[in-house]
>>> print(open('final27.cif').read())   # mmCIF, C-alpha atoms
data_input
#
loop_
_atom_site.label_atom_id
_atom_site.label_comp_id
_atom_site.auth_asym_id
_atom_site.auth_seq_id
_atom_site.Cartn_x
_atom_site.Cartn_y
_atom_site.Cartn_z
CA MET A 1 141.10 76.45 168.77
CA PRO A 2 141.21 73.79 166.04
CA PRO A 3 141.49 75.27 162.54
CA LEU A 4 138.12 73.88 161.47
CA LEU A 5 136.33 75.75 164.24
CA LEU A 6 138.29 78.89 163.46
CA ALA A 7 137.18 78.71 159.87
CA ALA A 8 133.58 78.20 160.94
CA ALA A 9 133.82 81.16 163.30
CA ALA A 10 135.28 83.33 160.54
CA GLU A 11 132.46 82.31 158.21
CA ALA A 12 129.87 83.12 160.84
CA ALA A 13 131.49 86.49 161.45
CA SER A 14 131.48 87.30 157.75
CA CYS A 15 127.71 86.89 157.69
CA THR A 16 126.30 88.64 160.73
CA PRO A 17 122.62 89.39 160.52
CA MET A 18 121.68 93.02 160.34
CA ARG A 19 119.89 94.22 163.47
CA LEU A 20 116.60 95.81 162.62
CA ASN A 21 115.65 97.42 165.89
CA ASP A 22 116.09 100.94 164.74
CA LEU A 23 114.40 102.85 162.01
CA GLY A 24 117.60 103.37 160.04
CA HIS A 25 117.96 99.70 159.31
CA LEU A 26 114.31 99.32 158.38
CA LEU A 27 114.84 102.13 155.90
CA GLN A 28 117.88 100.26 154.59
CA VAL A 29 115.73 97.19 153.90
CA MET A 30 113.19 99.38 152.14
CA GLY A 31 115.90 101.19 150.17
CA THR A 32 117.24 97.87 148.93
CA PHE A 33 113.87 96.84 147.53
CA LEU A 34 113.08 100.33 146.19
CA GLY A 35 116.26 100.11 144.12
CA LEU A 36 115.41 96.65 142.76
CA SER A 37 111.80 97.36 141.82
CA LEU A 38 112.46 98.58 138.29
CA PHE A 39 114.63 95.55 137.50
CA SER A 40 111.77 93.08 137.92
CA LEU A 41 111.51 92.01 134.30
CA GLY A 42 109.43 89.15 133.03
CA GLY A 43 106.82 89.47 135.75
CA GLY A 44 109.10 89.78 138.74
CA ASN A 45 110.61 86.30 138.85
CA THR A 46 113.88 87.61 137.45
CA LEU A 47 114.59 89.12 140.87
CA LEU A 48 114.64 85.79 142.74
CA ALA A 49 118.38 85.15 142.36
CA GLU A 50 119.07 88.66 143.62
CA TYR A 51 116.70 88.14 146.58
CA HIS A 52 118.61 84.96 147.37
CA HIS A 53 121.95 86.76 147.30
CA LEU A 54 120.73 89.62 149.48
CA SER A 55 118.90 87.62 152.09
CA VAL A 56 121.24 84.62 152.40
CA ALA A 57 124.73 85.94 151.61
CA GLU A 58 124.74 89.70 152.00
CA TYR A 59 122.41 90.56 154.90
CA CYS A 60 121.95 87.08 156.43
CA TRP A 61 118.25 87.50 157.03
CA LEU A 62 117.70 83.79 156.27
CA ARG A 63 119.56 80.51 156.05
CA PRO A 64 119.54 78.86 152.58
CA ALA A 65 116.96 76.25 153.61
CA GLN A 66 114.71 79.00 154.94
CA PHE A 67 114.93 80.82 151.62
CA ALA A 68 113.81 77.66 149.82
CA ASP A 69 110.94 77.24 152.32
CA ILE A 70 109.81 80.83 151.83
CA TYR A 71 109.91 80.52 148.06
CA ALA A 72 107.72 77.42 148.29
CA LEU A 73 105.27 79.12 150.68
CA ALA A 74 104.95 82.14 148.39
CA GLU A 75 104.27 79.85 145.42
CA ALA A 76 101.71 77.81 147.33
CA ALA A 77 99.83 80.73 148.89
CA PRO A 78 97.02 82.30 146.86
CA GLY A 79 97.75 85.57 145.10
CA PRO A 80 100.76 86.90 143.19
CA SER A 81 103.88 84.91 144.13
CA SER A 82 105.89 88.15 144.03
CA MET A 83 104.58 88.72 147.56
CA ILE A 84 107.65 86.70 148.59
CA VAL A 85 109.25 90.10 149.29
CA GLY A 86 106.89 90.47 152.25
CA LEU A 87 108.21 87.20 153.66
CA LEU A 88 111.83 88.28 153.09
CA GLY A 89 111.10 91.48 155.00
CA MET A 90 109.50 89.41 157.74
CA GLY A 91 112.63 87.24 157.96
CA ALA A 92 114.76 90.37 158.23
CA GLY A 93 112.71 91.67 161.15
CA TRP A 94 112.01 88.36 162.91
CA PRO A 95 114.95 88.53 165.38
CA GLU A 96 113.33 91.67 166.85
CA GLY A 97 110.00 89.94 167.40
CA PRO A 98 106.75 89.58 165.46
CA GLY A 99 105.87 93.28 165.63
CA TRP A 100 109.05 94.40 163.91
CA ALA A 101 108.77 91.45 161.55
CA LEU A 102 105.34 92.61 160.36
CA LEU A 103 106.46 96.23 160.06
CA SER A 104 109.47 95.13 158.05
CA ALA A 105 107.29 92.85 155.89
CA TYR A 106 104.88 95.64 154.95
CA GLY A 107 107.75 98.06 154.42
CA ALA A 108 109.55 95.66 152.09
CA GLU A 109 106.41 94.90 150.04
CA ILE A 110 105.52 98.58 149.66
CA ALA A 111 109.10 99.36 148.67
CA ILE A 112 109.27 96.71 145.95
CA LEU A 113 105.89 97.71 144.49
CA LEU A 114 106.07 101.52 144.66
CA PRO A 115 108.51 102.37 141.82
CA SER A 116 107.12 99.83 139.35
CA THR A 117 103.56 100.95 140.14
CA LEU A 118 104.38 104.61 139.53
CA LEU A 119 106.12 103.74 136.25
CA MET A 120 103.14 101.61 135.24
CA VAL A 121 100.73 104.52 135.88
CA VAL A 122 102.85 106.79 133.68
CA ALA A 123 103.04 104.06 131.03
CA CYS A 124 99.25 103.63 130.96
CA LEU A 125 98.64 107.35 130.68
CA SER A 126 101.09 107.74 127.79
CA TRP A 127 100.58 104.37 126.10
CA ASN A 128 99.20 105.88 122.88
CA ARG A 129 102.48 107.68 122.33
CA LEU A 130 104.65 104.81 123.57
CA ARG A 131 103.00 102.07 121.56
CA ASP A 132 104.65 102.85 118.23
CA SER A 133 107.86 104.28 119.61
CA PRO A 134 111.09 102.53 118.54
CA TRP A 135 112.12 102.56 122.22
CA ARG A 136 109.16 100.36 123.08
CA VAL A 137 109.94 97.89 120.29
CA ALA A 138 113.65 97.71 121.12
CA PHE A 139 112.96 97.34 124.84
CA GLU A 140 110.46 94.54 124.33
CA ARG A 141 112.59 92.59 121.84
CA GLY A 142 115.95 93.25 123.47
CA LEU A 143 115.07 92.55 127.08
CA GLY A 144 113.13 89.38 126.22
CA PRO A 145 116.18 87.16 125.59
CA ILE A 146 117.94 88.56 128.67
CA THR A 147 114.86 87.72 130.72
CA LEU A 148 114.99 84.20 129.31
CA GLY A 149 118.61 83.75 130.42
CA ILE A 150 117.87 85.18 133.88
CA LEU A 151 114.89 82.86 134.38
CA PHE A 152 117.04 79.80 133.64
CA ALA A 153 119.67 81.07 136.07
CA VAL A 154 116.94 81.59 138.69
CA GLY A 155 115.64 78.05 138.14
CA VAL A 156 119.09 76.56 138.70
CA LYS A 157 119.67 78.77 141.74
CA ILE A 158 116.40 77.68 143.38
CA LEU A 159 117.16 74.04 142.60
CA GLN A 160 120.58 74.41 144.26
CA THR A 161 119.04 76.14 147.26
CA ALA A 162 116.41 73.43 147.68
CA ASP A 163 119.34 71.02 148.06
CA THR A 164 117.23 67.86 148.44
CA ASN A 165 118.37 64.24 148.14
CA ALA A 166 118.28 62.33 144.83
CA PRO A 167 114.55 61.44 145.00
CA GLY A 168 113.87 65.13 145.67
CA VAL A 169 115.78 66.17 142.54
CA VAL A 170 113.85 63.58 140.51
CA VAL A 171 110.60 65.08 141.84
CA SER A 172 111.84 68.58 140.91
CA LEU A 173 112.58 67.50 137.34
CA LEU A 174 109.28 65.65 137.09
CA VAL A 175 107.34 68.68 138.32
CA CYS A 176 109.19 70.84 135.78
CA VAL A 177 108.05 68.55 132.95
CA LEU A 178 104.48 68.35 134.30
CA MET A 179 104.32 72.15 134.57
CA LEU A 180 105.20 72.39 130.88
CA ARG A 181 103.11 69.48 129.56
CA THR A 182 99.93 69.59 131.65
CA ARG A 183 97.58 72.24 132.96
CA MET A 184 97.31 70.73 136.42
CA SER A 185 97.41 73.11 139.35
CA PRO A 186 100.89 73.17 140.89
CA LEU A 187 99.22 72.89 144.29
CA TRP A 188 98.73 69.17 143.55
CA PHE A 189 102.44 68.70 142.93
CA MET A 190 103.26 70.50 146.17
CA ALA A 191 100.76 68.46 148.16
CA VAL A 192 102.06 65.15 146.82
CA ALA A 193 105.70 66.16 147.30
CA GLY A 194 104.90 67.38 150.81
CA GLY A 195 103.49 63.93 151.53
CA LEU A 196 106.65 62.29 150.20
CA GLY A 197 108.61 64.57 152.51
CA ALA A 198 106.46 63.67 155.51
CA PHE A 199 107.18 59.98 154.90
CA GLY A 200 110.88 60.71 154.68
CA LEU A 201 111.27 59.84 150.97
CA ILE A 202 112.42 63.37 150.24
CA ASN A 203 114.76 65.03 152.68
CA ARG A 204 117.59 67.53 152.72
CA MET B 1 85.02 108.17 128.12
CA THR B 2 82.78 105.70 126.27
CA ASP B 3 79.90 107.02 124.19
CA ALA B 4 76.75 105.41 122.90
CA SER B 5 78.23 104.90 119.45
CA GLU B 6 80.57 102.30 120.95
CA LEU B 7 79.52 98.84 119.79
CA SER B 8 80.54 96.80 122.84
CA PRO B 9 78.03 97.22 125.67
CA THR B 10 80.09 98.60 128.52
CA ALA B 11 78.85 99.49 131.97
CA PRO B 12 79.47 102.96 133.44
CA ALA B 13 83.06 103.54 134.55
CA PRO B 14 83.77 102.31 138.08
CA GLY B 15 84.75 104.62 140.91
CA LEU B 16 87.41 104.02 143.52
CA ARG B 17 85.20 101.81 145.67
CA GLN B 18 84.10 99.64 142.76
CA LEU B 19 87.72 99.28 141.67
CA PHE B 20 88.66 98.12 145.15
CA THR B 21 85.80 95.62 145.48
CA GLY B 22 86.20 94.41 141.89
CA MET B 23 89.85 93.57 142.42
CA LEU B 24 89.02 92.04 145.79
CA MET B 25 86.62 89.72 143.94
CA VAL B 26 89.31 88.85 141.40
CA ALA B 27 91.78 88.00 144.16
CA LEU B 28 89.23 85.88 146.07
CA SER B 29 88.07 84.04 142.94
CA ALA B 30 91.64 83.20 142.00
CA PHE B 31 92.44 81.29 145.18
CA GLY B 32 94.05 78.19 143.77
CA GLY B 33 95.33 79.87 140.63
CA GLY B 34 94.30 81.35 137.31
CA LEU B 35 94.51 84.99 138.36
CA SER B 36 94.77 86.23 134.79
CA ALA B 37 91.74 84.29 133.57
CA TRP B 38 89.69 85.42 136.54
CA SER B 39 90.49 89.09 136.08
CA GLN B 40 89.39 88.85 132.44
CA ARG B 41 86.18 87.06 133.41
CA ILE B 42 85.25 89.57 136.08
CA ILE B 43 86.42 92.83 134.48
CA VAL B 44 85.35 92.14 130.90
CA GLU B 45 82.49 89.64 131.09
CA GLN B 46 80.77 90.18 134.41
CA ARG B 47 81.26 93.86 135.19
CA ARG B 48 81.76 95.00 131.58
CA TRP B 49 84.12 97.77 132.57
CA MET B 50 86.35 97.25 129.57
CA SER B 51 86.14 95.74 126.12
CA ASN B 52 88.22 92.63 125.60
CA GLU B 53 90.54 94.64 123.39
CA GLU B 54 91.22 97.19 126.11
CA PHE B 55 91.88 94.37 128.54
CA LEU B 56 94.35 92.69 126.19
CA THR B 57 96.15 96.01 125.69
CA GLY B 58 96.45 96.11 129.46
CA LEU B 59 98.03 92.68 129.52
CA THR B 60 100.57 93.81 126.92
CA VAL B 61 101.50 96.89 128.95
CA ALA B 62 101.57 94.89 132.20
CA ARG B 63 103.97 92.33 130.74
CA LEU B 64 106.18 94.92 129.08
CA PHE B 65 106.86 97.09 132.12
CA PRO B 66 108.74 96.07 135.25
CA GLY B 67 106.75 94.65 138.12
CA PRO B 68 104.67 91.53 138.72
CA ASN B 69 102.27 91.03 135.80
CA GLN B 70 99.09 90.58 137.83
CA ILE B 71 99.84 93.57 139.99
CA ASN B 72 100.67 95.68 136.94
CA MET B 73 97.35 94.58 135.45
CA ALA B 74 95.50 95.85 138.53
CA VAL B 75 97.41 99.12 138.23
CA TYR B 76 96.40 99.35 134.55
CA VAL B 77 92.71 98.84 135.31
CA GLY B 78 92.80 101.36 138.15
CA THR B 79 94.70 103.96 136.12
CA PHE B 80 92.41 103.46 133.13
CA PHE B 81 89.45 104.82 135.11
CA CYS B 82 90.78 106.95 137.96
CA GLY B 83 94.49 107.63 137.42
CA LEU B 84 96.89 107.17 140.32
CA PRO B 85 94.17 106.99 143.04
CA GLY B 86 92.43 104.31 140.98
CA ALA B 87 95.68 102.39 140.67
CA LEU B 88 96.17 102.42 144.44
CA ALA B 89 92.55 101.37 145.07
CA ALA B 90 92.82 98.47 142.61
CA LEU B 91 96.16 97.43 144.06
CA ALA B 92 94.81 97.48 147.61
CA GLY B 93 91.82 95.37 146.58
CA MET B 94 94.06 92.89 144.78
CA LEU B 95 96.53 92.48 147.64
CA LEU B 96 94.52 92.93 150.86
CA VAL B 97 93.35 89.37 151.40
CA PRO B 98 96.25 87.39 149.88
CA PHE B 99 98.91 89.49 151.59
CA THR B 100 97.20 89.34 154.98
CA LEU B 101 96.93 85.58 154.59
CA LEU B 102 100.57 85.30 153.57
CA MET B 103 101.62 87.32 156.61
CA GLY B 104 99.74 84.83 158.78
CA VAL B 105 101.48 81.94 157.05
CA GLY B 106 104.82 83.71 157.46
CA LEU B 107 104.37 84.31 161.19
CA LEU B 108 103.44 80.65 161.68
CA TYR B 109 106.42 79.58 159.59
CA PHE B 110 109.01 81.62 161.48
CA GLN B 111 107.49 80.51 164.78
CA PHE B 112 107.36 76.80 164.03
CA HIS B 113 109.76 75.96 161.19
CA THR B 114 112.18 74.25 163.56
CA LEU B 115 109.63 71.52 164.34
CA PRO B 116 110.98 68.34 162.70
CA ALA B 117 107.59 67.25 161.32
CA LEU B 118 107.04 70.59 159.59
CA ASP B 119 110.59 70.63 158.26
CA ARG B 120 110.10 67.21 156.69
CA VAL B 121 106.92 68.23 154.89
CA LEU B 122 108.57 71.45 153.73
CA ALA B 123 111.55 69.51 152.32
CA GLY B 124 109.11 67.79 149.96
CA VAL B 125 107.21 70.96 149.09
CA VAL B 126 110.51 72.70 148.35
CA ALA B 127 111.43 69.98 145.84
CA ALA B 128 108.16 70.59 143.96
CA ALA B 129 108.64 74.36 144.12
CA ALA B 130 112.14 74.00 142.67
CA GLY B 131 110.61 72.16 139.72
CA MET B 132 108.19 75.04 139.22
CA ALA B 133 111.08 77.52 139.26
CA LEU B 134 112.96 75.42 136.73
CA SER B 135 110.00 75.45 134.34
CA MET B 136 109.83 79.27 134.12
CA GLY B 137 112.56 79.58 131.51
CA PHE B 138 111.26 76.70 129.38
CA LYS B 139 107.81 78.32 129.33
CA ILE B 140 109.01 81.27 127.28
CA LEU B 141 111.76 79.44 125.37
CA ASP B 142 109.58 78.63 122.34
CA GLN B 143 109.20 82.19 121.13
CA TYR B 144 112.99 82.63 120.85
CA TRP B 145 113.75 79.30 119.20
CA LYS B 146 114.19 80.72 115.69
CA ASP B 147 116.33 83.68 116.70
CA PRO B 148 120.00 82.66 117.16
CA VAL B 149 120.99 86.08 118.52
CA ALA B 150 118.30 85.86 121.18
CA LEU B 151 119.46 82.39 122.18
CA LEU B 152 123.07 83.58 122.36
CA LEU B 153 122.03 86.52 124.56
CA ALA B 154 120.12 84.16 126.83
CA VAL B 155 123.02 81.71 127.09
CA VAL B 156 125.54 84.47 127.85
CA THR B 157 123.20 85.90 130.49
CA PHE B 158 122.69 82.48 132.05
CA VAL B 159 126.44 81.68 132.12
CA LEU B 160 127.37 85.08 133.56
CA MET B 161 124.84 84.74 136.37
CA THR B 162 125.28 81.06 137.17
CA PHE B 163 129.02 80.53 136.76
CA PHE B 164 130.50 84.01 137.17
CA HIS B 165 128.00 85.20 139.79
CA VAL B 166 127.36 88.48 138.00
CA ARG B 167 124.62 90.37 139.84
CA LEU B 168 121.32 91.28 138.23
CA VAL B 169 121.53 95.08 138.25
CA PRO B 170 124.91 95.52 136.51
CA LEU B 171 124.01 92.71 134.12
CA VAL B 172 120.77 94.36 133.00
CA LEU B 173 122.36 97.80 132.86
CA VAL B 174 125.12 96.58 130.49
CA ALA B 175 123.39 93.84 128.48
CA GLY B 176 120.05 95.66 128.22
CA PRO B 177 121.24 98.64 126.14
CA LEU B 178 123.40 96.37 123.94
CA ALA B 179 120.44 94.11 123.20
CA MET B 180 118.18 97.11 122.61
CA ALA B 181 120.69 98.52 120.10
CA TRP B 182 120.74 95.20 118.24
CA TYR B 183 116.96 94.97 118.12
CA TRP B 184 116.36 98.67 117.35
CA PRO B 185 113.69 98.71 114.62
CA ARG B 186 115.35 99.25 111.22
CA ARG B 187 114.05 101.91 108.87
CA SER B 188 114.49 99.65 105.81
CA HIS B 189 111.39 97.51 106.23
CA PRO B 190 108.04 99.16 106.83
CA SER B 191 106.92 99.29 110.44
CA PRO B 192 104.05 96.98 111.46
CA PRO B 193 100.52 98.34 111.08
CA ALA B 194 100.47 101.78 112.60
CA GLY B 195 96.80 101.51 113.52
CA GLU B 196 94.91 104.71 114.20
CA SER B 197 97.02 107.83 114.32
CA PRO B 198 97.83 109.04 117.84
#
>>> encode(input="final27.cif", output="structure tokens")
Amino acid sequence: MPPLLLAAAAEAASCTPMRLNDLGHLLQVMGTFLGLSLFSLGGGNTLLAEYHHLSVAEYCWLRPAQFADIYALAEAAPGPSSMIVGLLGMGAGWPEGPGWALLSAYGAEIAILLPSTLLMVVACLSWNRLRDSPWRVAFERGLGPITLGILFAVGVKILQTADTNAPGVVVSLLVCVLMLRTRMSPLWFMAVAGGLGAFGLINR
Amino acid sequence: MTDASELSPTAPAPGLRQLFTGMLMVALSAFGGGLSAWSQRIIVEQRRWMSNEEFLTGLTVARLFPGPNQINMAVYVGTFFCGLPGALAALAGMLLVPFTLLMGVGLLYFQFHTLPALDRVLAGVVAAAAGMALSMGFKILDQYWKDPVALLLAVVTFVLMTFFHVRLVPLVLVAGPLAMAWYWPRRSHPSPPAGESP
């Protein structure tokens, strides 16, 4: 076998998708998201780089282009964009058919929301005591800058994953500026860029 | 909970079913964006469940604690009136329609994403979405501009993740406590207005 093919085979072997057709693996998916839930700072977007690592490199649920697609779909769909976890779960279960995919999707979404929801309930019920606590102040002021750094890292990671041609990168940068300078709905940007893709001006 | 002496005219506290339908309305109204504005409009202005102040407190708590802000806000509203069951009712109302819709979109995507025409459109949409992702950091950059330590923390975090591929969980577990220690409120200057005593 030529060395190039060998290398490709080795790479494929290093990233074999997890089979989901038994309950143990479904629970593994859920356990992964349960453990990440409390690390979703800054409204949940801080987790995107970690989602990318898990689903593309570690468990091979998705190919990089699929991850970029799913991120875009979650941003375009109505409702909180953090529902992307449902789509990741669906990708994990897809090889076993739509039924498992849906089960895995609901499991993943419940898993990512459960711990943060329980913590939030406790926080609401004890807010009067928490509000003036030094822990609250230090947490808010200390984790803010870290969140800032993570969000920039996430932005770069998504841009790398999108991996479009030069016109595509120009559109990305333009959309970034428009998001900051105007109050236009991002759906417009997606619709226009989708059109540019359909006509072949943006490709990957 | 609220008595007649309260100045702001608030409606009677909602039960589980009202929480569910109220959040369902918020989610449906916010198709196309503006979830936060819609929840304020419906919860404070239309249904008068909360005063604006109570709602804003909720936003503060929702942003502070881990979890998606809008979902945390639903949990806050639910917990405010009915504790944990209320939180689950509000959450279900908030997510039912959008999540069902997203599952439909997802099934269609995984079924058809290999079609060349769809892939071409998605390549464009992905470029726009990448721009949106890139803007997230810039959106909150302003508030840290005058704090060199904060900027240094952000830069170190960014470099560790992007160039040294440090994973999120160990990063937050190490950098978080260090940053909290640095920003621990000092005794020397008086603490900001204590407000009413607990």
>>> closest_atom_pairs(input="final27.cif", of="range 74-137 of chain A", to="range 31-49 of chain B", cutoff="9 Å", atoms="only C-alpha atoms", output="Markdown table")
| residue | atom | partner | partner_atom | distance |
| --- | --- | --- | --- | --- |
| A:Ala76 | CA | B:Gly32 | CA | 8.5 |
| A:Ala77 | CA | B:Gly32 | CA | 8.1 |
| A:Pro78 | CA | B:Phe31 | CA | 5.0 |
| A:Gly79 | CA | B:Phe31 | CA | 6.8 |
| A:Pro80 | CA | B:Leu35 | CA | 8.1 |
>>> resolve_selection(input="final27.cif", expression="the PyMOL selection byres ((chain A and resi 126) around 12)", output="PyMOL selection string")
(chain A and resi 119-125+127-133+136) or (chain B and resi 61+76+79-80+83+198)
>>> write_last_selection(input="final27.cif", atoms="C-alpha atoms", output="mmCIF file, in the frame of the given file")
data_model
loop_
_atom_site.group_PDB
_atom_site.id
_atom_site.type_symbol
_atom_site.label_atom_id
_atom_site.label_comp_id
_atom_site.auth_asym_id
_atom_site.auth_seq_id
_atom_site.Cartn_x
_atom_site.Cartn_y
_atom_site.Cartn_z
ATOM 1 C CA LEU A 119 106.120 103.740 136.250
ATOM 2 C CA MET A 120 103.140 101.610 135.240
ATOM 3 C CA VAL A 121 100.730 104.520 135.880
ATOM 4 C CA VAL A 122 102.850 106.790 133.680
ATOM 5 C CA ALA A 123 103.040 104.060 131.030
ATOM 6 C CA CYS A 124 99.250 103.630 130.960
ATOM 7 C CA LEU A 125 98.640 107.350 130.680
ATOM 8 C CA TRP A 127 100.580 104.370 126.100
ATOM 9 C CA ASN A 128 99.200 105.880 122.880
ATOM 10 C CA ARG A 129 102.480 107.680 122.330
ATOM 11 C CA LEU A 130 104.650 104.810 123.570
ATOM 12 C CA ARG A 131 103.000 102.070 121.560
ATOM 13 C CA ASP A 132 104.650 102.850 118.230
ATOM 14 C CA SER A 133 107.860 104.280 119.610
ATOM 15 C CA ARG A 136 109.160 100.360 123.080
ATOM 16 C CA VAL B 61 101.500 96.890 128.950
ATOM 17 C CA TYR B 76 96.400 99.350 134.550
ATOM 18 C CA THR B 79 94.700 103.960 136.120
ATOM 19 C CA PHE B 80 92.410 103.460 133.130
ATOM 20 C CA GLY B 83 94.490 107.630 137.420
ATOM 21 C CA PRO B 198 97.830 109.040 117.840
#
>>> atom_distance(input="final27.cif", atom1="CA of Leu148 in chain A", atom2="CA of Ile140 in chain B")
7.0 Å
>>> residues_around(input="final27.cif", residues="Phe139 in chain A", least_positions_apart="3", cutoff="9 Å", atoms="only C-alpha atoms", output="PyMOL selection string")
(chain A and resi 134-136+142-144) or (chain B and resi 64+176-177+179-180+183-184)
>>> residues_around(input="final27.cif", residues="range 189-202 of chain A", least_positions_apart="4", cutoff="6 Å", atoms="only C-alpha atoms", output="number ranges by chain")
A: 167-168; B: 120-121, 123-125, 128
>>> write_last_selection(input="final27.cif", atoms="C-alpha atoms", output="CSV table (one decimal), in the frame of the given file")
chain,number,residue,atom,x,y,z
A,167,PRO,CA,114.6,61.4,145.0
A,168,GLY,CA,113.9,65.1,145.7
B,120,ARG,CA,110.1,67.2,156.7
B,121,VAL,CA,106.9,68.2,154.9
B,123,ALA,CA,111.6,69.5,152.3
B,124,GLY,CA,109.1,67.8,150.0
B,125,VAL,CA,107.2,71.0,149.1
B,128,ALA,CA,108.2,70.6,144.0
>>> atom_distance(input="final27.cif", atom1="CA of Gly44 in chain A", atom2="CA of Val56 in chain A")
19.0 Å
>>> closest_atom_pairs(input="final27.cif", of="range 103-164 of chain A", to="range 84-99 of chain A", cutoff="8 Å", atoms="only C-alpha atoms", output="CSV")
residue,atom,partner,partner_atom,distance
A:Leu103,CA,A:Gly99,CA,6.3
A:Ser104,CA,A:Gly89,CA,5.0
A:Ala105,CA,A:Gly89,CA,4.1
A:Tyr106,CA,A:Gly86,CA,6.2
A:Gly107,CA,A:Gly89,CA,7.4
A:Ala108,CA,A:Gly89,CA,5.3
A:Glu109,CA,A:Gly86,CA,5.0
A:Ile112,CA,A:Val85,CA,7.4
>>> closest_residue(input="final27.cif", among="B:Gln18, B:Thr57, B:Asn69, B:Gln143", to="chain A", atoms="all atoms listed in the file")
B:Asn69
>>> atom_distance(input="final27.cif", atom1="CA of Asn203 in chain A", atom2="CA of Met132 in chain B")
18.0 Å
>>> closest_residue(input="final27.cif", among="B:Ala127, B:Ala150, B:Met161, B:Ala175", to="Cys176 in chain A", atoms="all atoms listed in the file")
B:Ala127
>>> residues_around(input="final27.cif", residues="Pro66 in chain B", least_positions_apart="6", cutoff="8 Å", atoms="only C-alpha atoms", output="list in words")
Ser37, Leu38, Phe39, Ser40, Leu41, Gly42, Gly43, Gly44, Ser116 and Met120 of chain A
>>> residues_around(input="final27.cif", residues="range 94-100 of chain B", least_positions_apart="3", cutoff="6 Å", atoms="all atoms listed in the file", output="PyMOL selection string")
(chain A and resi 78-79) or (chain B and resi 23-24+27+91+103)
>>> write_last_selection(input="final27.cif", atoms="C-alpha atoms", output="CSV table (one decimal), in the coordinates of the input")
chain,number,residue,atom,x,y,z
A,78,PRO,CA,97.0,82.3,146.9
A,79,GLY,CA,97.8,85.6,145.1
B,23,MET,CA,89.8,93.6,142.4
B,24,LEU,CA,89.0,92.0,145.8
B,27,ALA,CA,91.8,88.0,144.2
B,91,LEU,CA,96.2,97.4,144.1
B,103,MET,CA,101.6,87.3,156.6
>>> axis_aligned_box(input="final27.cif", around="range 188-204 of chain A", padding_each_side="5 Å", output="lines of an AutoDock Vina configuration file")
center_x = 108.2
center_y = 65.2
center_z = 149.2
size_x = 28.9
size_y = 20.7
size_z = 22.6
>>> closest_residue(input="final27.cif", among="B:Met73, B:Leu171, B:Val149, B:Leu134", to="chain A", atoms="all atoms listed in the file")
B:Leu134
